[in-house]
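protein_14.txt follows (compact mmCIF, C-alpha atoms and all ligand atoms):
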# COMPACT_ATOMS: atom_id res chain seq x y z
CA ARG A 1 16.82 7.37 8.53
CA LEU A 2 14.40 4.67 9.59
CA ARG A 3 11.53 5.64 11.83
CA ILE A 4 9.22 2.91 13.06
CA VAL A 5 6.34 3.91 15.33
CA LYS A 6 6.16 1.59 18.34
CA ASP A 7 2.44 0.89 18.35
CA GLY A 8 1.43 -2.77 18.69
CA TYR A 9 -1.91 -2.54 16.89
CA GLY A 10 -0.39 -0.40 14.16
CA LEU A 11 2.44 -2.89 13.62
CA MET A 12 -0.10 -5.71 13.40
CA GLN A 13 -2.13 -3.81 10.81
CA ALA A 14 1.01 -3.07 8.79
CA ALA A 15 1.95 -6.77 8.95
CA PHE A 16 -1.54 -7.60 7.68
CA VAL A 17 -0.95 -5.32 4.66
CA PHE A 18 2.34 -7.08 3.95
CA PHE A 19 0.66 -10.51 4.00
CA TYR A 20 -2.15 -9.16 1.81
CA TRP A 21 0.47 -8.24 -0.78
CA LEU A 22 2.33 -11.53 -0.31
CA TYR A 23 -0.81 -13.67 -0.74
CA GLY A 24 -1.79 -11.89 -3.96
CA ASN A 25 1.71 -12.36 -5.35
CA VAL A 26 2.15 -16.00 -4.39
CA VAL A 27 -1.24 -17.01 -5.83
CA THR A 28 -1.04 -14.93 -9.00
CA TRP A 29 2.54 -15.97 -9.83
CA ASN A 30 2.18 -19.66 -9.08
CA LEU A 31 -1.29 -20.28 -10.47
CA VAL A 32 -1.70 -17.73 -13.23
CA LEU A 33 1.40 -15.95 -14.53
CA LEU A 34 4.08 -18.66 -14.51
CA PRO A 35 1.90 -21.57 -15.78
CA GLN A 36 0.31 -19.42 -18.50
CA TYR A 37 3.75 -18.17 -19.53
CA ALA A 38 5.08 -21.74 -19.64
CA GLU A 39 2.24 -22.66 -22.01
CA ASN A 40 2.81 -19.61 -24.22
CA HIS A 41 -0.45 -17.84 -23.37
CA LEU A 42 1.36 -14.86 -21.83
CA SER A 43 4.40 -12.96 -23.03
CA ILE A 44 7.44 -12.28 -20.85
CA ALA A 45 6.61 -8.55 -21.08
CA VAL A 46 3.46 -9.13 -19.01
CA LEU A 47 5.49 -10.87 -16.32
CA ILE A 48 8.05 -8.07 -16.25
CA VAL A 49 5.37 -5.37 -15.94
CA TYR A 50 3.65 -7.30 -13.14
CA PHE A 51 6.94 -7.83 -11.33
CA ILE A 52 7.91 -4.15 -11.59
CA PHE A 53 4.61 -2.87 -10.19
CA SER A 54 4.59 -5.50 -7.48
CA ALA A 55 8.11 -4.49 -6.41
CA LEU A 56 7.24 -0.77 -6.58
CA THR A 57 4.22 -1.40 -4.36
CA ILE A 58 6.12 -3.15 -1.59
CA CYS A 59 9.07 -0.71 -1.79
CA SER A 60 6.77 2.30 -1.49
CA PHE A 61 4.94 0.55 1.37
CA TRP A 62 8.26 0.16 3.20
CA ARG A 63 9.13 3.80 2.57
CA ALA A 64 5.73 5.04 3.78
CA PHE A 65 6.00 2.73 6.81
CA THR A 66 9.44 4.05 7.82
CA SER A 67 9.23 7.68 6.66
CA SER A 68 8.99 10.74 8.87
CA PRO A 69 5.76 12.75 8.46
CA GLY A 70 7.85 15.83 9.27
CA VAL A 71 8.66 17.75 12.42
CA THR A 72 7.15 21.10 13.36
CA PRO A 73 9.61 24.01 13.17
CA ASP A 74 10.68 25.89 16.29
CA SER A 75 8.80 29.12 16.87
CA VAL A 76 12.04 31.00 17.57
CA PHE A 77 13.05 30.53 13.93
CA SER A 78 9.78 31.83 12.55
CA ASP A 79 8.77 35.47 11.94
CA SER A 80 4.99 35.24 12.33
CA THR A 81 3.80 33.05 15.18
CA ASP A 82 0.51 34.87 15.90
CA ASP A 83 -1.67 32.01 14.67
CA TRP A 84 0.44 29.30 16.33
CA THR A 85 -1.07 27.14 19.06
CA PHE A 86 0.55 25.44 22.00
CA CYS A 87 0.78 21.64 22.25
CA GLU A 88 0.38 20.49 25.83
CA ALA A 89 1.86 17.07 25.07
CA CYS A 90 5.02 18.28 23.31
CA LYS A 91 5.26 21.43 25.47
CA LYS A 92 6.01 23.57 22.44
CA SER A 93 4.29 25.86 19.93
CA ARG A 94 3.15 24.56 16.60
CA PRO A 95 2.19 26.28 13.33
CA PRO A 96 -1.40 26.22 11.99
CA LYS A 97 -2.52 22.93 10.36
CA ALA A 98 -0.10 20.99 12.55
CA HIS A 99 -1.76 18.48 14.86
CA HIS A 100 -0.59 16.28 17.66
CA CYS A 101 -0.76 12.54 16.99
CA ARG A 102 -1.04 10.45 20.14
CA ARG A 103 0.00 7.25 18.38
CA CYS A 104 3.16 8.81 16.94
CA GLY A 105 3.73 10.90 20.07
CA GLN A 106 4.58 14.08 18.19
CA CYS A 107 3.13 17.09 16.40
CA VAL A 108 2.89 16.59 12.66
CA PRO A 109 3.04 19.55 10.24
CA LEU A 110 0.14 19.64 7.72
CA MET A 111 -1.19 16.46 9.29
CA ASP A 112 -3.57 14.60 6.99
CA HIS A 113 -4.36 11.57 9.15
CA HIS A 114 -2.73 8.75 11.05
CA CYS A 115 -2.87 5.70 8.82
CA PRO A 116 -2.78 2.48 10.91
CA TRP A 117 -2.16 0.39 7.74
CA ILE A 118 1.27 1.96 7.35
CA ASN A 119 1.50 2.51 11.14
CA ASN A 120 2.46 6.10 10.49
CA CYS A 121 1.12 9.61 10.18
CA VAL A 122 0.59 11.17 6.79
CA GLY A 123 1.80 14.75 6.84
CA GLN A 124 4.00 17.31 5.15
CA GLY A 125 7.08 15.07 5.10
CA ASN A 126 5.57 11.94 3.54
CA GLN A 127 2.28 12.79 1.86
CA TRP A 128 3.79 12.21 -1.59
CA LEU A 129 5.10 8.81 -0.46
CA PHE A 130 1.61 7.88 0.69
CA LEU A 131 0.16 9.03 -2.63
CA GLN A 132 2.77 6.98 -4.47
CA LEU A 133 1.89 3.91 -2.41
CA ILE A 134 -1.84 4.08 -3.10
CA PHE A 135 -1.17 4.70 -6.80
CA TYR A 136 0.97 1.55 -7.05
CA ALA A 137 -1.52 -0.36 -4.90
CA ALA A 138 -4.27 0.61 -7.36
CA VAL A 139 -2.17 -0.51 -10.36
CA ILE A 140 -1.09 -3.85 -8.87
CA SER A 141 -4.60 -4.69 -7.68
CA PHE A 142 -5.96 -3.85 -11.14
CA LEU A 143 -3.35 -6.14 -12.77
CA THR A 144 -4.01 -8.91 -10.25
CA LEU A 145 -7.76 -8.67 -10.73
CA THR A 146 -7.38 -8.73 -14.53
CA PHE A 147 -5.14 -11.81 -14.69
CA ASP A 148 -7.07 -13.70 -12.03
CA LEU A 149 -10.32 -13.06 -13.93
CA LEU A 150 -8.65 -14.18 -17.18
CA PHE A 151 -7.57 -17.33 -15.36
CA LYS A 152 -11.13 -18.03 -14.29
CA PHE A 153 -12.98 -17.17 -17.48
CA TYR A 154 -10.58 -17.17 -20.42
CA PHE A 155 -7.29 -19.08 -20.10
CA ASP A 156 -7.19 -22.82 -20.83
CA GLU A 157 -6.58 -25.20 -18.00
CA CYS A 158 -2.84 -25.67 -17.39
CA GLN A 159 -1.70 -28.98 -18.95
CA SER A 160 1.93 -29.04 -17.86
CA CYS A 161 1.16 -28.24 -14.20
CA ASP A 162 1.63 -30.83 -11.49
CA GLN A 163 -2.00 -31.83 -10.96
CA ALA A 164 -1.24 -33.23 -7.51
CA SER A 165 0.39 -30.11 -6.10
CA PHE A 166 -1.26 -28.14 -3.31
CA TYR A 167 -1.67 -25.09 -5.53
CA HIS A 168 -3.28 -27.01 -8.32
CA ARG A 169 -5.71 -28.90 -6.12
CA HIS A 170 -6.91 -25.70 -4.46
CA GLN A 171 -6.46 -23.37 -7.41
CA HIS A 172 -10.07 -22.17 -7.72
CA GLY A 173 -10.49 -21.42 -4.03
CA LEU A 174 -7.13 -19.64 -3.83
CA VAL A 175 -7.81 -17.53 -6.91
CA ASN A 176 -11.37 -16.67 -5.79
CA VAL A 177 -10.03 -15.28 -2.51
CA CYS A 178 -7.39 -13.37 -4.45
CA ILE A 179 -10.05 -11.85 -6.74
CA VAL A 180 -12.07 -10.59 -3.76
CA MET A 181 -8.93 -9.18 -2.11
CA ALA A 182 -7.76 -7.44 -5.29
CA ALA A 183 -11.23 -5.97 -5.91
CA LEU A 184 -11.42 -4.61 -2.33
CA MET A 185 -7.93 -3.13 -2.63
CA LEU A 186 -8.73 -1.57 -6.01
CA ILE A 187 -11.91 0.07 -4.69
CA SER A 188 -10.27 1.41 -1.53
CA SER A 189 -7.13 2.67 -3.26
CA MET A 190 -9.19 4.44 -5.94
CA GLY A 191 -11.27 6.03 -3.19
CA LEU A 192 -8.14 7.09 -1.31
CA LEU A 193 -6.57 8.54 -4.46
CA CYS A 194 -9.62 10.78 -4.87
CA THR A 195 -9.81 11.92 -1.22
CA GLN A 196 -6.03 12.43 -1.01
CA HIS A 197 -6.03 14.71 -4.05
CA THR A 198 -8.92 16.70 -2.57
CA ASN A 199 -7.11 16.99 0.79
CA ILE A 200 -3.89 18.16 -0.82
CA ILE A 201 -5.75 20.82 -2.79
CA LEU A 202 -7.62 21.96 0.35
CA VAL A 203 -4.43 22.15 2.45
CA SER A 204 -2.51 24.13 -0.15
CA THR A 205 -5.25 26.80 -0.49
ZN ZN B 301 2.43 17.71 20.08
ZN ZN B 302 0.50 9.41 13.86
Could you express the structure from this file as structure tokens?
Amino acid sequence: RLRIVKDGYGLMQAAFVFFYWLYGNVVTWNLVLLPQYAENHLSIAVLIVYFIFSALTICSFWRAFTSSPGVTPDSVFSDSTDDWTFCEACKKSRPPKAHHCRRCGQCVPLMDHHCPWINNCVGQGNQWLFLQLIFYAAVISFLTLTFDLLFKFYFDECQSCDQASFYHRHQHGLVNVCIVMAALMLISSMGLLCTQHTNIILVST
């Protein structure tokens, strides 16, 4: 079941993430992967691996964006409610470690944080989806960074490319921006992977 949080700023931030992914793909495919493959400097296996991780990244982004972070159980169905607190906004009791998110308008069990980049809360119901997303984001940004750096410092200039095309004329500028974007994404996803693992261990103890 699709769940999309109606939060204008959050939707804008999620759209930004989508275009971030799209830019990296368009530039890396059109300027690096396809021309270098056409000139036999890259094997088809490289293109397949890149395509798979790129697709996994955007699919897991969509799933994290539309997933439910979980709903808090009803106190009437629970045996021990001594440590439960009352949520004034939802007008119902919630178990420990559940928090109310104002942007989602609900209480979230084992709430980790509200992530504006997926316009969704990260909680009991979708923490593993979030983890999956940042893992794929780390892999695809590593691959993008690697091939874009090879393009700049190692691969030969493309001979068969249309020298007059927009891509070709602006290739260095486009790839430089892509390198910065991939490096930023790699650093932040590696950081998130570390803090997420710590959070999951802390919550489960
Ligand atoms: Zn609430
Ligand atoms: Zn939220």
**Prompt:** Could you list, as a ChimeraX atom specification, all the residues within 7 Å of ligand ZN 301 (chain B), counting all atoms listed in the file?
**Reply:** /A:87-90,99-101,105-107
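Here atom CA of A:Ala98 stands at a distance of 5.7 Å from atom CA of A:Met111.
Among all protein and nucleic acid residues, the ones that lie within 10 Å of ligand ZN 302 (chain B) when counting all atoms listed in the file are Val5, Asp7, Gly10, Ser68, Pro69, His99, His100, Cys101, Arg102, Arg103, Cys104, Gly105, Gln106, Cys107, Val108, Met111, Asp112, His113, His114, Cys115, Pro116, Ile118, Asn119, Asn120, Cys121, Val122 and Gly123 of chain A.
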**Message:** I'd like the contact shell of A:Cys161 - 12 Å cut-off, only C-alpha atoms, skipping same-chain residues fewer than 6 positions apart - returned as number ranges by chain.
**Reply:** A: 30-32, 34-39, 167-169, 171
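Straight-line separation from atom CA of A:Ala183 to atom CA of A:Ile44: 24.7 Å.
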**Request:** Would you list the contacts of A:Val139 as a PyMOL selection string, taking every protein, DNA or RNA residue within 8 Å and counting all atoms listed in the file, but skipping same-chain residues closer than 4 positions in sequence?
**Result:** chain A and resi 53+135+143+186
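For the atom pair formed by atom CA of A:Trp84 and atom CA of A:Asn199, the distance is 21.2 Å, given to one decimal.
The nearest approach to A:Ser189 among the residues A:Lys152, A:Phe147, A:Phe142, A:Ser204, with only C-alpha atoms taken into account, belongs to A:Phe142.
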Leaving out stretch 131-134 of chain A and any residue of its chain fewer than 6 positions from it, which residues lie within 10 Å of it when counting only C-alpha atoms, given as an mmCIF file with C-alpha atoms, in the coordinates of the input?
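Contents of out-v2.cif, freshly written:
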data_model
loop_
_atom_site.group_PDB
_atom_site.id
_atom_site.type_symbol
_atom_site.label_atom_id
_atom_site.label_comp_id
_atom_site.auth_asym_id
_atom_site.auth_seq_id
_atom_site.Cartn_x
_atom_site.Cartn_y
_atom_site.Cartn_z
ATOM 1 C CA LEU A 56 7.240 -0.770 -6.580
ATOM 2 C CA THR A 57 4.220 -1.400 -4.360
ATOM 3 C CA ILE A 58 6.120 -3.150 -1.590
ATOM 4 C CA CYS A 59 9.070 -0.710 -1.790
ATOM 5 C CA SER A 60 6.770 2.300 -1.490
ATOM 6 C CA PHE A 61 4.940 0.550 1.370
ATOM 7 C CA TRP A 62 8.260 0.160 3.200
ATOM 8 C CA ARG A 63 9.130 3.800 2.570
ATOM 9 C CA ALA A 64 5.730 5.040 3.780
ATOM 10 C CA ILE A 118 1.270 1.960 7.350
ATOM 11 C CA VAL A 122 0.590 11.170 6.790
ATOM 12 C CA ILE A 140 -1.090 -3.850 -8.870
ATOM 13 C CA MET A 185 -7.930 -3.130 -2.630
ATOM 14 C CA LEU A 186 -8.730 -1.570 -6.010
ATOM 15 C CA SER A 188 -10.270 1.410 -1.530
ATOM 16 C CA SER A 189 -7.130 2.670 -3.260
ATOM 17 C CA MET A 190 -9.190 4.440 -5.940
ATOM 18 C CA GLY A 191 -11.270 6.030 -3.190
ATOM 19 C CA LEU A 192 -8.140 7.090 -1.310
ATOM 20 C CA LEU A 193 -6.570 8.540 -4.460
ATOM 21 C CA GLN A 196 -6.030 12.430 -1.010
ATOM 22 C CA HIS A 197 -6.030 14.710 -4.050
#
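Minimum atom-to-atom distances from A:Thr72, A:Ser80, A:Ser43, A:Asn25 to A:Thr144 were compared using only C-alpha atoms, and the lowest value belongs to A:Asn25.
With only C-alpha atoms as the atoms that count, the minimum distance from A:Phe130 to the choices A:Asp79, A:Val177, A:Phe65, A:Asp74 is reached by A:Phe65.
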**Message:** (-5.3, -8.9, -16.5) in this file's frame - what residues fall within 12 Å of it? Use only C-alpha atoms and give the answer as a PyMOL selection string.
**Reply:** chain A and resi 28+32-33+42+46-47+49-50+139-155+179+182
Report, as AutoDock Vina command-line options, the axis-aligned box around all atoms of stretch 177-183 of chain A present in the file, extended by 6 Å on each side; give centre and edge lengths in Å to one decimal place.
--center_x -9.7 --center_y -10.6 --center_z -4.4 --size_x 16.7 --size_y 21.3 --size_z 16.6
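Distances from A:Leu110, A:Met12, A:Val71, A:Cys178 to A:Lys92 were compared using only C-alpha atoms, and the smallest one belongs to A:Val71.
Restricting the calculation to all atoms listed in the file, the smallest distance between A:Thr81 and any of A:Ala164, A:Thr205, A:Ser93, A:Ala15 is found for A:Ser93.
Taking only C-alpha atoms into account, A:Asp156 lies nearest to A:His41 out of the set A:Trp117, A:Thr85, A:Ala55, A:His41.
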